[in-house]
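Enquirer: Contents are TSV, C-alpha atoms; file name entry-v2.tsv:
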```
chain	number	residue	atom	x	y	z
M	1	MET	CA	4.52	21.35	-36.19
M	2	CYS	CA	3.80	23.86	-38.98
M	3	ALA	CA	5.52	27.21	-38.46
M	4	TYR	CA	6.06	30.47	-40.26
M	5	VAL	CA	9.79	31.01	-40.96
M	6	VAL	CA	11.54	34.02	-42.47
M	7	VAL	CA	14.80	33.20	-44.27
M	8	ALA	CA	17.14	36.20	-44.61
M	9	GLU	CA	19.86	35.15	-47.07
M	10	ASP	CA	21.39	37.16	-49.92
M	11	ASP	CA	22.72	34.06	-51.71
M	12	ARG	CA	19.68	33.19	-53.82
M	13	LYS	CA	20.66	29.56	-54.42
M	14	GLN	CA	21.25	29.04	-50.70
M	15	ALA	CA	17.98	30.74	-49.84
M	16	GLU	CA	16.07	28.61	-52.33
M	17	LEU	CA	17.63	25.42	-50.90
M	18	VAL	CA	16.60	26.35	-47.36
M	19	ARG	CA	13.13	27.39	-48.52
M	20	ARG	CA	12.53	24.06	-50.30
M	21	TYR	CA	13.62	22.02	-47.30
M	22	LEU	CA	11.40	24.03	-44.98
M	23	GLU	CA	8.38	23.80	-47.27
M	24	ASN	CA	8.92	20.04	-47.67
M	25	GLU	CA	8.64	19.85	-43.86
M	26	GLY	CA	5.29	21.65	-44.04
M	27	HIS	CA	6.44	25.11	-42.97
M	28	ARG	CA	5.37	28.42	-44.48
M	29	VAL	CA	8.35	30.47	-45.70
M	30	THR	CA	9.16	34.02	-46.75
M	31	VAL	CA	12.60	34.78	-48.20
M	32	ALA	CA	14.31	38.18	-47.91
M	33	HIS	CA	17.58	38.89	-49.74
M	34	ASP	CA	18.79	41.85	-47.67
M	35	GLY	CA	18.63	42.94	-44.06
M	36	ARG	CA	16.28	45.86	-44.63
M	37	ALA	CA	13.69	43.66	-46.37
M	38	ALA	CA	14.02	41.03	-43.65
M	39	LEU	CA	13.40	43.59	-40.90
M	40	ALA	CA	10.35	44.92	-42.73
M	41	GLU	CA	8.91	41.41	-43.13
M	42	VAL	CA	9.50	40.45	-39.49
M	43	ARG	CA	7.76	43.63	-38.35
M	44	ARG	CA	4.92	43.19	-40.83
M	45	GLN	CA	4.17	39.59	-39.87
M	46	PRO	CA	6.18	38.27	-36.90
M	47	PRO	CA	7.40	34.75	-37.71
M	48	ASP	CA	7.92	31.79	-35.41
M	49	LEU	CA	11.62	31.73	-36.31
M	50	LEU	CA	14.19	33.72	-38.30
M	51	VAL	CA	17.01	32.04	-40.24
M	52	LEU	CA	19.50	34.88	-40.57
M	53	ASP	CA	22.63	35.13	-42.72
M	54	VAL	CA	25.33	37.34	-41.22
M	55	MET	CA	26.75	38.90	-44.40
M	56	MET	CA	23.90	40.75	-46.14
M	57	PRO	CA	23.57	44.07	-47.97
M	58	HIS	CA	22.00	47.24	-46.51
M	59	VAL	CA	21.75	45.86	-42.96
M	60	ASP	CA	23.95	42.92	-41.96
M	61	GLY	CA	22.76	40.02	-39.85
M	62	LEU	CA	24.52	41.14	-36.67
M	63	ASP	CA	22.95	44.62	-36.74
M	64	LEU	CA	19.57	43.15	-37.63
M	65	CYS	CA	19.77	40.75	-34.69
M	66	ARG	CA	20.61	43.66	-32.35
M	67	VAL	CA	17.58	45.60	-33.58
M	68	LEU	CA	15.24	42.63	-33.22
M	69	ARG	CA	16.51	41.79	-29.74
M	70	ALA	CA	15.49	45.26	-28.61
M	71	GLU	CA	11.97	44.58	-29.91
M	72	SER	CA	11.18	40.90	-29.41
M	73	THR	CA	12.22	37.44	-28.24
M	74	LEU	CA	11.92	35.94	-31.74
M	75	PRO	CA	14.09	32.78	-32.02
M	76	VAL	CA	17.03	33.47	-34.35
M	77	LEU	CA	19.30	30.93	-36.03
M	78	MET	CA	22.36	32.53	-37.64
M	79	LEU	CA	24.12	31.26	-40.75
M	80	THR	CA	27.63	32.41	-41.56
M	81	ALA	CA	30.82	31.51	-43.38
M	82	ARG	CA	32.77	32.76	-40.35
M	83	ALA	CA	33.81	29.68	-38.43
M	84	THR	CA	35.92	30.88	-35.51
M	85	GLU	CA	34.82	30.51	-31.90
M	86	ASP	CA	34.96	34.30	-31.47
M	87	ASP	CA	32.44	34.70	-34.31
M	88	LEU	CA	30.15	32.13	-32.68
M	89	LEU	CA	30.37	33.90	-29.32
M	90	LEU	CA	29.71	37.27	-30.96
M	91	GLY	CA	26.55	35.91	-32.56
M	92	LEU	CA	25.30	34.38	-29.33
M	93	GLY	CA	26.35	37.47	-27.42
M	94	ILE	CA	24.06	39.79	-29.39
M	95	GLY	CA	21.11	37.46	-28.94
M	96	ALA	CA	21.14	34.64	-31.53
M	97	ASP	CA	19.73	31.38	-30.18
M	98	ASP	CA	21.78	29.10	-32.43
M	99	TYR	CA	24.59	29.43	-34.94
M	100	MET	CA	25.60	27.34	-37.98
M	101	THR	CA	28.65	27.76	-40.19
M	102	LYS	CA	28.67	27.34	-43.96
M	103	PRO	CA	28.81	24.97	-45.70
M	104	PHE	CA	26.19	23.14	-43.67
M	105	SER	CA	24.13	19.98	-43.97
M	106	PRO	CA	20.50	20.85	-44.85
M	107	ARG	CA	19.36	17.93	-42.69
M	108	GLU	CA	21.26	19.28	-39.71
M	109	LEU	CA	19.82	22.74	-40.36
M	110	MET	CA	16.30	21.27	-40.29
M	111	ALA	CA	17.09	19.44	-37.04
M	112	ARG	CA	18.27	22.66	-35.41
M	113	ILE	CA	15.25	24.59	-36.66
M	114	HIS	CA	12.90	21.97	-35.24
M	115	SER	CA	14.78	22.04	-31.96
M	116	LEU	CA	14.44	25.83	-31.70
M	117	LEU	CA	10.75	25.66	-32.59
M	118	ARG	CA	10.14	22.98	-29.94
M	119	ARG	CA	11.89	25.05	-27.26
M	120	SER	CA	10.03	28.19	-28.22
M	121	SER	CA	6.69	26.34	-28.25
M	122	ALA	CA	7.42	24.77	-24.86
M	123	VAL	CA	7.86	28.25	-23.40
M	124	THR	CA	4.92	29.96	-25.11
M	125	ALA	CA	2.53	27.02	-24.63
M	126	ALA	CA	2.82	27.08	-20.84
M	127	THR	CA	-0.67	27.38	-19.34
M	128	GLY	CA	0.02	28.18	-15.74
M	129	THR	CA	0.90	24.66	-14.61
M	130	GLU	CA	4.47	25.80	-13.99
M	131	PRO	CA	4.80	27.91	-10.86
M	132	VAL	CA	6.02	31.49	-10.83
M	133	LEU	CA	9.61	31.45	-9.57
M	134	THR	CA	10.67	34.15	-7.12
M	135	VAL	CA	14.20	34.56	-5.80
M	136	GLY	CA	14.60	37.79	-3.86
M	137	PRO	CA	13.93	40.65	-6.31
M	138	LEU	CA	13.78	38.31	-9.34
M	139	THR	CA	10.52	36.88	-10.68
M	140	VAL	CA	10.36	34.37	-13.54
M	141	ASP	CA	6.88	33.59	-14.87
M	142	PRO	CA	6.99	30.64	-17.32
M	143	ALA	CA	3.27	30.87	-18.15
M	144	ARG	CA	3.52	34.50	-19.23
M	145	TYR	CA	7.11	34.23	-20.43
M	146	GLU	CA	7.97	37.25	-18.31
M	147	VAL	CA	10.95	38.21	-16.17
M	148	SER	CA	11.12	41.10	-13.75
M	149	MET	CA	13.77	42.45	-11.37
M	150	HIS	CA	12.68	44.71	-8.51
M	151	GLY	CA	9.31	44.89	-10.27
M	152	ARG	CA	10.78	46.15	-13.54
M	153	PRO	CA	10.34	44.02	-16.68
M	154	VAL	CA	13.48	42.43	-18.12
M	155	ASP	CA	13.63	41.48	-21.81
M	156	CYS	CA	15.32	38.09	-22.31
M	157	THR	CA	16.15	35.98	-25.32
M	158	PRO	CA	14.71	32.44	-25.29
M	159	GLY	CA	18.11	31.09	-24.26
M	160	GLU	CA	18.45	33.61	-21.43
M	161	PHE	CA	14.93	32.81	-20.25
M	162	ARG	CA	15.64	29.07	-20.11
M	163	LEU	CA	18.85	29.73	-18.20
M	164	LEU	CA	17.12	31.95	-15.64
M	165	GLN	CA	14.28	29.47	-15.25
M	166	MET	CA	16.79	26.68	-14.62
M	167	LEU	CA	18.75	28.64	-12.00
M	168	ALA	CA	15.74	30.23	-10.29
M	169	ALA	CA	14.07	26.84	-9.83
M	170	ARG	CA	16.90	25.87	-7.45
M	171	PRO	CA	18.36	29.00	-5.84
M	172	GLY	CA	21.73	28.40	-4.24
M	173	HIS	CA	22.33	25.24	-6.28
M	174	VAL	CA	25.46	25.32	-8.42
M	175	PHE	CA	24.95	24.26	-12.05
M	176	THR	CA	28.02	23.30	-14.05
M	177	ARG	CA	28.59	24.75	-17.51
M	178	PRO	CA	28.00	21.36	-19.22
M	179	GLN	CA	24.67	21.01	-17.36
M	180	ILE	CA	23.58	24.47	-18.48
M	181	LEU	CA	24.79	23.86	-22.02
M	182	GLU	CA	22.76	20.64	-22.26
M	183	ARG	CA	19.65	22.51	-21.13
M	184	LEU	CA	20.17	25.34	-23.60
M	185	HIS	CA	21.42	23.52	-26.68
M	186	GLY	CA	21.10	19.78	-26.08
M	187	PHE	CA	24.03	17.58	-27.04
M	188	ASP	CA	25.30	19.89	-29.74
M	189	ARG	CA	28.94	19.20	-30.54
M	190	TYR	CA	29.34	22.58	-32.26
M	191	VAL	CA	28.47	24.71	-29.23
M	192	THR	CA	31.09	25.24	-26.53
M	193	THR	CA	30.70	25.98	-22.84
M	194	ARG	CA	31.93	29.52	-23.50
M	195	SER	CA	28.50	30.25	-24.95
M	196	VAL	CA	27.15	29.74	-21.40
M	197	ASP	CA	29.51	32.48	-20.19
M	198	VAL	CA	28.16	34.81	-22.88
M	199	HIS	CA	24.55	34.22	-21.75
M	200	VAL	CA	25.55	34.85	-18.14
M	201	MET	CA	27.43	38.02	-19.08
M	202	ASN	CA	24.37	39.37	-20.94
M	203	LEU	CA	22.04	38.50	-18.05
M	204	ARG	CA	24.29	40.25	-15.55
M	205	LYS	CA	24.07	43.42	-17.62
M	206	LYS	CA	20.29	43.21	-17.28
M	207	LEU	CA	20.02	42.10	-13.63
M	208	GLU	CA	23.00	43.33	-11.66
M	209	VAL	CA	23.67	46.84	-10.33
M	210	ASP	CA	27.36	46.31	-11.17
M	211	PRO	CA	27.80	43.44	-13.67
M	212	ARG	CA	31.53	43.29	-12.93
M	213	ARG	CA	30.84	42.57	-9.25
M	214	ALA	CA	27.91	40.18	-9.48
M	215	ARG	CA	26.05	39.59	-6.22
M	216	PHE	CA	22.98	37.82	-7.61
M	217	LEU	CA	24.04	35.65	-10.57
M	218	VAL	CA	27.37	34.53	-9.20
M	219	THR	CA	30.28	32.42	-10.42
M	220	VAL	CA	31.48	29.47	-8.37
M	221	TYR	CA	35.02	29.35	-9.71
M	222	GLY	CA	36.02	26.09	-11.30
M	223	VAL	CA	32.45	24.76	-11.08
M	224	GLY	CA	29.71	26.89	-12.64
M	225	TYR	CA	26.98	29.37	-11.74
M	226	LYS	CA	24.19	29.85	-9.22
M	227	ILE	CA	21.55	32.39	-8.24
M	228	VAL	CA	21.80	33.79	-4.73
M	229	ASP	CA	18.78	35.09	-2.84
M	230	VAL	CA	20.30	38.46	-1.97
M	231	THR	CA	17.32	39.40	0.21
M	232	ALA	CA	17.69	36.29	2.34
M	233	ARG	CA	21.45	36.78	2.49
M	234	ARG	CA	21.03	40.40	3.58
M	235	THR	CA	18.54	39.31	6.28
M	236	ALA	CA	20.94	36.62	7.48
M	237	ASP	CA	23.82	39.11	7.53
M	238	MET	CA	21.74	41.56	9.54
M	239	ALA	CA	20.78	38.82	12.00
M	240	ALA	CA	24.41	37.78	12.33
M	241	HIS	CA	25.48	41.37	12.96
M	242	ALA	CA	22.72	41.82	15.53
M	243	ALA	CA	23.77	38.61	17.29
M	244	ALA	CA	27.39	39.75	17.28
M	245	ASP	CA	26.42	43.15	18.67
M	246	ALA	CA	24.32	41.51	21.37
M	247	ALA	CA	27.21	39.24	22.32
M	248	ALA	CA	29.55	42.22	22.46
M	249	ASP	CA	27.10	44.06	24.73
M	250	VAL	CA	26.95	41.05	27.08
M	251	ILE	CA	30.74	40.91	27.22
M	252	THR	CA	30.92	44.68	27.87
M	253	ASP	CA	28.28	44.49	30.61
M	254	ALA	CA	30.09	41.57	32.25
M	255	ALA	CA	33.36	43.50	32.13
M	256	ASP	CA	31.68	46.55	33.67
M	257	ASP	CA	30.18	44.39	36.46
M	258	GLY	CA	33.58	42.93	37.17
M	259	GLU	CA	35.13	46.35	37.45
M	260	ALA	CA	32.32	47.45	39.76
M	261	HIS	CA	32.90	44.48	42.12
M	262	ARG	CA	36.61	45.19	42.28
M	263	ALA	CA	36.11	48.84	43.07
M	264	PRO	CA	36.74	49.77	46.78
```
I need this file expressed as structure tokens, please.
Expert:
Amino acid sequence: MCAYVVVAEDDRKQAELVRRYLENEGHRVTVAHDGRAALAEVRRQPPDLLVLDVMMPHVDGLDLCRVLRAESTLPVLMLTARATEDDLLLGLGIGADDYMTKPFSPRELMARIHSLLRRSSAVTAATGTEPVLTVGPLTVDPARYEVSMHGRPVDCTPGEFRLLQMLAARPGHVFTRPQILERLHGFDRYVTTRSVDVHVMNLRKKLEVDPRRARFLVTVYGVGYKIVDVTARRTADMAAHAAADAAADVITDAADDGEAHRAP
């Protein structure tokens, strides 16, 4: 698979190393040494993937990722010397699809890049063979790579899209965090299940009326997450209330009849 990759890295030796490895794999590469130049290049010629260093002059990688997420679903792999779990979750939380800490193995970097490219291609290459998934007000269209809620389009990162597709394919089914993590990142020892929580938190902000009181993308405590068909649940609740009201009316009528028979 030959792809066009933009490498945004201010360390010129590091950028050259990544460029050489990518070109040896047959990919076309443009290197930008600051965030402003990287943004201009991505807008000028949208790449298949962005390798993005966090600490860069002019515009840092985190701010650049935020800007790009408002414009596109471009796969983003972040590189950083920050190695704490909070840093990883921050990167994933603003929309990065993967995250590697420095120093890193160039071979592992290539493996992750190929994995992201395969996932992105699997989504964009869909030709209509996968059905449109509808759960209440949510629609997930794998062929068009589109998500809508109550008819309004919802912008999702590739990771968020895969998560929604997984949950919407089996509404009501509870998926554990390890199951979701495997679907999103494969068997990656560097990614924790907390990254799943970050994806869910971001999706709730986009889908729920009140993200703090989720009614659609719900947590099953101690287990994982599921999507609930709120329309079906509302219909069932209304039917249950109607049945309860009808039963109450029967009881009231029977009581009234009894009183009438006892009356002199």
Enquirer: Provide the CA of Gly35 in chain M to CA of Arg19 in chain M distance in Å, to one decimal place.
Expert: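 Spanning CA of Gly35 in chain M to CA of Arg19 in chain M is a straight-line distance of 17.1 Å.
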Enquirer: With all atoms listed in the file as the atoms that count, which of M:Cys2, M:Met56, M:Leu50, M:Gln165 lies nearest to Pro131 in chain M?
Expert: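 The answer is M:Gln165, which sits nearest to Pro131 in chain M.
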Enquirer: Give me the box for range 170-178 of chain M as JSON, namely the centre and edge lengths in Å to one decimal of a box along x, y and z that holds every listed atom plus 4 Å on each side.
Expert:
```
{"center_x": 22.7, "center_y": 25.2, "center_z": -11.7, "size_x": 19.7, "size_y": 15.6, "size_z": 23.0}
```
Enquirer: Any idea what the distance is between CA of Ile94 in chain M and CA of Cys65 in chain M?
Expert: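 Spanning CA of Ile94 in chain M to CA of Cys65 in chain M is a straight-line distance of 6.9 Å.
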Enquirer: Using all atoms listed in the file, which of the listed residues (M:Pro47, M:Pro158, M:Gly93, M:Pro153) sits closest to Asp197 in chain M?
Expert: M:Gly93
Enquirer: Calculated over all atoms listed in the file, which of the candidates M:Arg69, M:Asp11, M:Met149, M:Lys205 has the smallest distance to Ala81 in chain M?
Expert: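 For Ala81 in chain M, the nearest of the given residues is M:Asp11.
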Enquirer: Using only C-alpha atoms, can you tell me which of M:Arg170, M:Pro137, M:Leu17, M:Leu92 comes closest to Val200 in chain M?
Expert: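 So, comparing all the options, the nearest one is M:Leu92.
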Enquirer: Would you mind telling me which residue in M:Lys206, M:Glu146, M:Thr84, M:Val174 lies nearest to Val228 in chain M when using only C-alpha atoms?
Expert: M:Val174
Enquirer: For each of M:Ala38, M:Leu203, M:Leu90, M:Leu64, take the minimum atom-to-atom distance to Asp155 in chain M, counting all atoms listed in the file, then give the residue where this is smallest.
Expert: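 Among the listed residues, M:Leu203 lies closest to Asp155 in chain M.
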Enquirer: Could you list, as a PyMOL selection string, every residue within 10 Å of Leu109 in chain M, counting all atoms listed in the file and ignoring same-chain residues fewer than 3 positions away?
Expert: chain M and resi 18+21-22+51+77+79+99-100+104-106+112-115
Enquirer: Separation of CA of Lys102 in chain M and CA of Ala70 in chain M, in Å?
Expert: 27.0 Å
Enquirer: If we count all atoms listed in the file and set the cut-off at 10 Å, which residues sit around Arg204 in chain M, ignoring sequence neighbours fewer than 4 positions away in its own chain? Please answer as a list in words.
Expert: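 With the cut-off at 10 Å, the set is Val198, His199, Val200, Glu208, Val209, Asp210, Pro211, Arg212, Arg213, Ala214, Arg215, Phe216, Leu217 and Val218 of chain M.
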Enquirer: Using only C-alpha atoms, find all polymer residues with an atom at most 12 Å away from the point (31.4, 30.4, -31.2); report them as an NGL selection string.
Expert: :M and (78 or 80 or 82-93 or 96-101 or 189-198)
Enquirer: So that I can check the surroundings of Leu116 in chain M, please list as number ranges by chain every protein, DNA and RNA residue that reaches within 10 Å of it, counting all atoms listed in the file and ignoring chain neighbours fewer than 4 positions away.
Expert: M: 48-49, 75-77, 97-98, 110-112, 120-122, 158-159, 184-185
Enquirer: Give me the residues near Val29 in chain M as a PyMOL selection string, where near means some atom within 7 Å (using all atoms listed in the file) and where sequence neighbours in that chain fewer than 4 positions away do not count.
Expert: chain M and resi 4-6+19+23
Enquirer: Determine, counting all atoms listed in the file, every residue of protein, DNA or RNA that lies within 12 Å of (10.7, 40.5, -48.9) in the file coordinates, then give the result as a list in words.
Expert: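 The answer, in the requested form, is Val6, Val7, Ala8, Glu9, Asp10, Val29, Thr30, Val31, Ala32, His33, Asp34, Gly35, Arg36, Ala37, Ala38, Leu39, Ala40, Glu41, Val42, Arg43, Arg44 and Gln45 of chain M.
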Enquirer: When you get a chance, write out N, CA and C atoms for range 202-214 of chain M, as a PDB file, in the frame of the given file.
Expert:
```
ATOM      1  N   ASN M 202      25.483  38.532 -20.486  1.00  0.00           N
ATOM      2  CA  ASN M 202      24.370  39.370 -20.940  1.00  0.00           C
ATOM      3  C   ASN M 202      23.306  39.503 -19.859  1.00  0.00           C
ATOM      4  N   LEU M 203      23.036  38.421 -19.120  1.00  0.00           N
ATOM      5  CA  LEU M 203      22.040  38.500 -18.050  1.00  0.00           C
ATOM      6  C   LEU M 203      22.513  39.402 -16.914  1.00  0.00           C
ATOM      7  N   ARG M 204      23.783  39.369 -16.611  1.00  0.00           N
ATOM      8  CA  ARG M 204      24.290  40.250 -15.550  1.00  0.00           C
ATOM      9  C   ARG M 204      24.110  41.715 -15.914  1.00  0.00           C
ATOM     10  N   LYS M 205      24.279  42.039 -17.187  1.00  0.00           N
ATOM     11  CA  LYS M 205      24.070  43.420 -17.620  1.00  0.00           C
ATOM     12  C   LYS M 205      22.619  43.856 -17.385  1.00  0.00           C
ATOM     13  N   LYS M 206      21.708  42.894 -17.436  1.00  0.00           N
ATOM     14  CA  LYS M 206      20.290  43.210 -17.280  1.00  0.00           C
ATOM     15  C   LYS M 206      19.818  43.145 -15.830  1.00  0.00           C
ATOM     16  N   LEU M 207      20.514  42.359 -14.987  1.00  0.00           N
ATOM     17  CA  LEU M 207      20.020  42.100 -13.630  1.00  0.00           C
ATOM     18  C   LEU M 207      20.831  42.749 -12.527  1.00  0.00           C
ATOM     19  N   GLU M 208      22.115  42.892 -12.740  1.00  0.00           N
ATOM     20  CA  GLU M 208      23.000  43.330 -11.660  1.00  0.00           C
ATOM     21  C   GLU M 208      23.164  44.853 -11.652  1.00  0.00           C
ATOM     22  N   VAL M 209      23.350  45.419 -10.456  1.00  0.00           N
ATOM     23  CA  VAL M 209      23.670  46.840 -10.330  1.00  0.00           C
ATOM     24  C   VAL M 209      25.047  47.103 -10.934  1.00  0.00           C
ATOM     25  N   ASP M 210      26.010  46.233 -10.616  1.00  0.00           N
ATOM     26  CA  ASP M 210      27.360  46.310 -11.170  1.00  0.00           C
ATOM     27  C   ASP M 210      27.701  44.931 -11.754  1.00  0.00           C
ATOM     28  N   PRO M 211      27.555  44.762 -13.075  1.00  0.00           N
ATOM     29  CA  PRO M 211      27.800  43.440 -13.670  1.00  0.00           C
ATOM     30  C   PRO M 211      29.196  42.885 -13.411  1.00  0.00           C
ATOM     31  N   ARG M 212      30.167  43.759 -13.156  1.00  0.00           N
ATOM     32  CA  ARG M 212      31.530  43.290 -12.930  1.00  0.00           C
ATOM     33  C   ARG M 212      31.715  42.745 -11.522  1.00  0.00           C
ATOM     34  N   ARG M 213      30.797  43.092 -10.628  1.00  0.00           N
ATOM     35  CA  ARG M 213      30.840  42.570  -9.250  1.00  0.00           C
ATOM     36  C   ARG M 213      29.490  41.943  -8.930  1.00  0.00           C
ATOM     37  N   ALA M 214      29.225  40.830  -9.588  1.00  0.00           N
ATOM     38  CA  ALA M 214      27.910  40.180  -9.480  1.00  0.00           C
ATOM     39  C   ALA M 214      27.654  39.708  -8.060  1.00  0.00           C
TER      40      ALA M 214
END
```
